[in-house]
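Trainee: Here you go, structure27.csv (CSV, C-alpha atoms):
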```csv
chain,number,residue,atom,x,y,z
T,778,ASP,CA,17.3,-55.7,-63.5
T,779,THR,CA,13.5,-55.4,-63.3
T,780,ALA,CA,12.5,-51.9,-62.3
T,781,VAL,CA,9.2,-52.8,-60.7
T,782,SER,CA,8.8,-56.4,-59.7
T,783,GLN,CA,5.8,-58.2,-58.4
T,784,THR,CA,5.4,-61.6,-56.9
T,785,PRO,CA,3.7,-64.0,-57.4
T,786,LYS,CA,3.0,-63.6,-61.2
T,787,TYR,CA,0.3,-66.2,-61.0
T,788,LEU,CA,-1.9,-67.1,-58.0
T,789,VAL,CA,-4.8,-69.6,-57.9
T,790,THR,CA,-6.6,-69.8,-54.5
T,791,GLN,CA,-9.9,-70.8,-53.0
T,792,MET,CA,-12.6,-68.5,-51.9
T,793,GLY,CA,-12.2,-67.3,-48.3
T,794,ASN,CA,-8.4,-67.5,-48.3
T,795,ASP,CA,-6.1,-64.6,-47.4
T,796,LYS,CA,-3.3,-63.8,-49.8
T,797,SER,CA,-0.7,-61.2,-50.4
T,798,ILE,CA,1.0,-59.8,-53.5
T,799,LYS,CA,4.3,-58.1,-53.1
T,800,CYS,CA,5.8,-55.3,-55.0
T,801,GLU,CA,9.2,-53.7,-55.0
T,802,GLN,CA,10.7,-50.9,-57.1
T,803,ASN,CA,14.4,-50.2,-57.4
T,804,LEU,CA,14.0,-46.9,-59.2
T,805,GLY,CA,14.1,-44.7,-56.1
T,806,HIS,CA,10.6,-43.4,-56.8
T,807,ASP,CA,8.5,-41.7,-54.1
T,808,THR,CA,5.1,-42.8,-55.3
T,809,MET,CA,3.7,-46.3,-55.8
T,810,TYR,CA,0.3,-47.6,-56.9
T,811,TRP,CA,-1.9,-50.6,-57.1
T,812,TYR,CA,-4.1,-51.0,-60.1
T,813,LYS,CA,-6.7,-53.6,-60.9
T,814,GLN,CA,-7.4,-54.9,-64.4
T,815,ASP,CA,-10.7,-56.7,-64.7
T,816,SER,CA,-11.8,-59.4,-67.1
T,817,LYS,CA,-12.7,-56.7,-69.7
T,818,LYS,CA,-9.1,-55.4,-69.5
T,819,PHE,CA,-10.3,-52.2,-67.9
T,820,LEU,CA,-7.7,-50.7,-65.5
T,821,LYS,CA,-8.7,-48.8,-62.3
T,822,ILE,CA,-6.6,-47.3,-59.5
T,823,MET,CA,-6.9,-48.9,-56.2
T,824,PHE,CA,-4.3,-47.3,-54.0
T,825,SER,CA,-1.6,-44.7,-54.2
T,826,TYR,CA,1.2,-44.2,-51.7
T,827,ASN,CA,3.7,-41.4,-51.5
T,828,ASN,CA,6.7,-41.9,-49.3
T,829,LYS,CA,5.0,-44.7,-47.4
T,830,GLU,CA,1.9,-42.6,-46.8
T,831,LEU,CA,-1.5,-43.5,-48.2
T,832,ILE,CA,-2.6,-40.8,-50.7
T,833,ILE,CA,-5.4,-42.3,-52.6
T,834,ASN,CA,-7.8,-45.1,-51.6
T,835,GLU,CA,-10.5,-45.6,-54.2
T,836,THR,CA,-13.7,-47.4,-53.4
T,837,VAL,CA,-12.0,-50.6,-52.7
T,838,PRO,CA,-13.5,-53.1,-50.1
T,839,ASN,CA,-11.7,-53.0,-46.8
T,840,ARG,CA,-10.7,-56.7,-47.4
T,841,PHE,CA,-7.9,-55.1,-49.4
T,842,SER,CA,-5.2,-53.6,-47.3
T,843,PRO,CA,-2.0,-52.1,-48.7
T,844,LYS,CA,1.1,-52.0,-46.6
T,845,SER,CA,4.2,-50.0,-47.3
T,846,PRO,CA,7.1,-50.9,-45.0
T,847,ASP,CA,9.4,-48.5,-46.9
T,848,LYS,CA,9.1,-46.4,-50.0
T,849,ALA,CA,10.5,-49.1,-52.2
T,850,HIS,CA,7.8,-51.6,-51.3
T,851,LEU,CA,4.1,-51.7,-51.5
T,852,ASN,CA,2.4,-54.9,-50.7
T,853,LEU,CA,-1.3,-55.8,-51.2
T,854,HIS,CA,-3.0,-58.0,-48.7
T,855,ILE,CA,-6.4,-59.4,-49.6
T,856,ASN,CA,-8.6,-61.1,-46.9
T,857,SER,CA,-11.5,-63.4,-47.4
T,858,LEU,CA,-11.0,-63.7,-51.2
T,859,GLU,CA,-14.1,-63.7,-53.3
T,860,LEU,CA,-14.7,-64.9,-56.9
T,861,GLY,CA,-15.0,-61.2,-58.1
T,862,ASP,CA,-11.5,-60.5,-56.9
T,863,SER,CA,-10.2,-62.5,-59.8
T,864,ALA,CA,-8.2,-60.0,-61.9
T,865,VAL,CA,-4.8,-58.9,-62.9
T,866,TYR,CA,-3.2,-56.6,-60.3
T,867,PHE,CA,-0.5,-54.2,-61.4
T,868,CYS,CA,1.9,-52.4,-59.2
T,869,ALA,CA,3.4,-49.2,-60.5
T,870,SER,CA,5.7,-46.4,-59.4
T,871,SER,CA,6.6,-42.9,-60.5
T,872,PRO,CA,9.2,-40.3,-59.3
T,873,ASN,CA,6.3,-38.2,-58.1
T,874,ARG,CA,2.6,-38.0,-58.9
T,875,GLY,CA,3.0,-36.1,-62.1
T,876,ASN,CA,5.6,-38.1,-63.9
T,877,THR,CA,6.1,-41.1,-66.1
T,878,ILE,CA,4.8,-44.2,-64.6
T,879,TYR,CA,6.5,-47.6,-64.6
T,880,PHE,CA,4.4,-50.8,-64.3
T,881,GLY,CA,5.2,-54.2,-62.9
T,882,GLU,CA,4.5,-57.3,-65.0
T,883,GLY,CA,1.2,-57.9,-63.3
T,884,SER,CA,-0.1,-60.6,-60.9
T,885,TRP,CA,-2.8,-62.9,-62.3
T,886,LEU,CA,-5.1,-63.8,-59.4
T,887,THR,CA,-7.7,-66.5,-59.9
T,888,VAL,CA,-10.2,-67.2,-57.1
T,889,VAL,CA,-12.0,-70.6,-57.4
H,777,LYS,CA,-20.0,-42.5,-69.9
H,778,ASN,CA,-16.3,-43.1,-69.3
H,779,GLU,CA,-14.2,-40.0,-68.7
H,780,VAL,CA,-11.8,-41.3,-71.3
H,781,GLU,CA,-13.0,-42.6,-74.6
H,782,GLN,CA,-10.9,-44.4,-77.1
H,783,SER,CA,-11.6,-45.3,-80.7
H,784,PRO,CA,-11.5,-47.6,-82.4
H,785,GLN,CA,-12.0,-50.4,-79.9
H,786,ASN,CA,-10.5,-52.9,-82.3
H,787,LEU,CA,-8.2,-52.3,-85.2
H,788,THR,CA,-6.7,-54.7,-87.8
H,789,ALA,CA,-4.1,-53.6,-90.3
H,790,GLN,CA,-1.7,-55.0,-92.8
H,791,GLU,CA,2.0,-54.7,-92.2
H,792,GLY,CA,3.2,-51.3,-93.4
H,793,GLU,CA,0.0,-49.4,-92.9
H,794,PHE,CA,-0.2,-46.1,-91.1
H,795,ILE,CA,-2.3,-46.5,-87.9
H,796,THR,CA,-4.2,-43.9,-85.8
H,797,ILE,CA,-5.8,-44.5,-82.4
H,798,ASN,CA,-7.8,-41.7,-80.9
H,799,CYS,CA,-8.5,-40.6,-77.3
H,800,SER,CA,-11.0,-38.1,-76.1
H,801,TYR,CA,-11.4,-37.1,-72.5
H,802,SER,CA,-14.0,-35.0,-70.6
H,803,VAL,CA,-12.0,-33.8,-67.5
H,804,GLY,CA,-9.3,-31.3,-66.9
H,805,ILE,CA,-6.0,-33.0,-67.0
H,806,SER,CA,-2.3,-32.3,-66.2
H,807,ALA,CA,-1.0,-34.9,-68.5
H,808,LEU,CA,-1.9,-37.8,-70.8
H,809,HIS,CA,-0.2,-41.2,-71.1
H,810,TRP,CA,-0.2,-43.7,-73.9
H,811,LEU,CA,0.4,-47.2,-72.7
H,812,GLN,CA,1.1,-50.5,-74.5
H,813,GLN,CA,0.1,-53.9,-73.2
H,814,HIS,CA,1.1,-57.1,-75.1
H,815,PRO,CA,-1.1,-60.2,-74.7
H,816,GLY,CA,-0.4,-61.8,-71.3
H,817,GLY,CA,2.2,-59.1,-70.6
H,818,GLY,CA,2.9,-56.1,-68.6
H,819,ILE,CA,2.2,-52.5,-69.4
H,820,VAL,CA,4.7,-50.1,-70.8
H,821,SER,CA,4.4,-46.4,-70.9
H,822,LEU,CA,5.0,-45.1,-74.4
H,823,PHE,CA,4.5,-41.4,-74.0
H,824,MET,CA,3.5,-38.8,-71.4
H,825,LEU,CA,2.2,-35.6,-73.0
H,826,SER,CA,1.0,-32.3,-71.6
H,827,SER,CA,1.1,-30.4,-74.9
H,828,GLY,CA,2.1,-30.7,-78.6
H,829,LYS,CA,3.7,-33.7,-80.0
H,830,LYS,CA,6.2,-36.4,-79.2
H,831,LYS,CA,8.0,-38.9,-81.4
H,832,HIS,CA,9.8,-42.1,-80.6
H,833,GLY,CA,10.9,-44.2,-83.5
H,834,ARG,CA,7.8,-45.1,-85.5
H,835,LEU,CA,5.4,-43.8,-82.9
H,836,ILE,CA,4.0,-40.3,-82.7
H,837,ALA,CA,1.7,-38.9,-80.1
H,838,THR,CA,-0.2,-35.6,-80.3
H,839,ILE,CA,-2.4,-33.8,-77.9
H,840,ASN,CA,-4.8,-30.9,-78.3
H,841,ILE,CA,-5.6,-29.6,-74.8
H,842,GLN,CA,-8.3,-27.2,-76.0
H,843,GLU,CA,-10.2,-30.0,-77.9
H,844,LYS,CA,-9.4,-32.6,-75.2
H,845,HIS,CA,-8.1,-35.0,-77.7
H,846,SER,CA,-5.0,-37.0,-78.3
H,847,SER,CA,-3.9,-39.4,-81.1
H,848,LEU,CA,-1.3,-42.1,-81.3
H,849,HIS,CA,0.1,-42.8,-84.7
H,850,ILE,CA,2.2,-45.8,-85.8
H,851,THR,CA,4.0,-45.4,-89.1
H,852,ALA,CA,5.0,-48.5,-91.1
H,853,SER,CA,3.2,-50.8,-88.8
H,854,HIS,CA,4.7,-54.2,-88.0
H,855,PRO,CA,3.2,-57.4,-86.5
H,856,ARG,CA,5.2,-56.8,-83.3
H,857,ASP,CA,3.1,-53.7,-82.8
H,858,SER,CA,0.1,-55.9,-82.2
H,859,ALA,CA,-1.0,-55.1,-78.6
H,860,VAL,CA,-3.6,-53.2,-76.7
H,861,TYR,CA,-3.0,-49.4,-76.6
H,862,ILE,CA,-4.4,-47.6,-73.6
H,863,CYS,CA,-4.9,-43.9,-73.2
H,864,ALA,CA,-4.8,-42.7,-69.6
H,865,VAL,CA,-5.2,-39.2,-68.2
H,866,LEU,CA,-3.8,-37.7,-65.1
H,867,ASN,CA,-6.6,-35.7,-63.6
H,868,SER,CA,-5.7,-32.1,-62.6
H,869,GLY,CA,-5.1,-31.9,-58.9
H,870,TYR,CA,-6.1,-35.5,-58.3
H,871,SER,CA,-2.8,-37.2,-59.2
H,872,THR,CA,-4.1,-40.5,-60.4
H,873,LEU,CA,-4.7,-42.0,-63.8
H,874,THR,CA,-8.1,-42.6,-65.3
H,875,PHE,CA,-7.9,-45.1,-68.1
H,876,GLY,CA,-9.6,-45.6,-71.4
H,877,LYS,CA,-10.8,-49.1,-72.3
H,878,GLY,CA,-8.0,-49.7,-74.7
H,879,THR,CA,-7.7,-50.3,-78.4
H,880,MET,CA,-6.7,-53.8,-79.5
H,881,LEU,CA,-4.5,-53.6,-82.5
H,882,LEU,CA,-3.6,-56.6,-84.7
H,883,VAL,CA,-1.1,-56.1,-87.5
H,884,SER,CA,-1.0,-59.0,-90.0
H,885,PRO,CA,2.1,-59.8,-92.1
```
Just dump the structure as structure tokens.
Mentor:
Amino acid sequence: DTAVSQTPKYLVTQMGNDKSIKCEQNLGHDTMYWYKQDSKKFLKIMFSYNNKELIINETVPNRFSPKSPDKAHLNLHINSLELGDSAVYFCASSPNRGNTIYFGEGSWLTVV
Amino acid sequence: KNEVEQSPQNLTAQEGEFITINCSYSVGISALHWLQQHPGGGIVSLFMLSSGKKKHGRLIATINIQEKHSSLHITASHPRDSAVYICAVLNSGYSTLTFGKGTMLLVSP
């Protein structure tokens, strides 16, 4: 059983489209995250949710909107996709904010 | 300057060699993670440290809080250890990870 699962794994879409990436964790963790890994493989935090509440929102364009219907799910919606949004997006979870973190397999987004 | 600096950026080794990857950070932290990412693959947390040393199989991680430095050692390296190793620090009171740029390790048979 995959602990943190993301779908889709690969996504190719045109500029201007709206797309979503879903994330689910079956670990019972309270905290979930979205990270972005750019073309240079550098990881940066985008959002952090704790028990469905937004805790951290880094300087991310408001075209990106996370949604957490329950504490096991944190979905990422992206509106009006731009070329620069092409990256790998990783979902992650942890029992609380100071503990070991578990990453999903990543979602490779390519905007053409 | 990145808050988390790793060295070396790239590392090649022969199978069996002892490997060290270093991480220095400039902020106060509550913990430090070592992560492993295989090409085209996901990210796995190898260690989370707040002091001292941890060992798991052939992997050893150490941290010196006073010097703001951590090392990841791999003993008897193997080609399957080839991956990117990423140091990440959990900022004190901020509860999110700041990442180094990673060290790409290639172990040849």
Trainee: Up to 9 Å from chain H, what residues of chain T turn up? Count only C-alpha atoms and give them as an MDAnalysis selection string.
Mentor: chainID T and resid 817:822 825 833 867 874:883
Trainee: List as a list in words the protein and nucleic acid residues near Leu787 of chain H, meaning an atom at most 8 Å away when only C-alpha atoms are counted, but skip any in the same chain fewer than 6 places from it.
Mentor: Thr879, Met880, Leu881 and Leu882 of chain H
Trainee: Rounded to one decimal, what separation in Å do you get between atom CA of Ala864 of chain T and atom CA of Arg840 of chain T?
Mentor: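 The value is 15.1 Å.
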Trainee: Env of Thr788 of chain H: 10 Å cut, atoms = all atoms listed in the file, seq-sep filter 2 positions within chain, self excluded. Answer as a CSV table (one decimal) with C-alpha atoms, in the coordinates of the input.
Mentor:
```csv
chain,number,residue,atom,x,y,z
H,786,ASN,CA,-10.5,-52.9,-82.3
H,790,GLN,CA,-1.7,-55.0,-92.8
H,791,GLU,CA,2.0,-54.7,-92.2
H,793,GLU,CA,0.0,-49.4,-92.9
H,795,ILE,CA,-2.3,-46.5,-87.9
H,858,SER,CA,0.1,-55.9,-82.2
H,880,MET,CA,-6.7,-53.8,-79.5
H,881,LEU,CA,-4.5,-53.6,-82.5
H,882,LEU,CA,-3.6,-56.6,-84.7
H,883,VAL,CA,-1.1,-56.1,-87.5
H,884,SER,CA,-1.0,-59.0,-90.0
```
Trainee: For Gln802 of chain T, which of T:Cys868, T:Leu831, T:Ile855, T:Leu788 is the closest residue, counting only C-alpha atoms?
Mentor: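 Smallest distance to Gln802 of chain T is found for T:Cys868.
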Trainee: Report the distance between atom CA of Gly792 of chain H and atom CA of Lys830 of chain H in Å, rounded to one decimal place.
Mentor: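 The value is 20.8 Å.
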Trainee: Restricting the calculation to all atoms listed in the file: of H:Leu835, H:Val803, H:Val865, H:Ala789, which residue gets closest to Leu848 of chain H?
Mentor: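 Looking only at the distances to Leu848 of chain H, the closest residue turns out to be H:Leu835.
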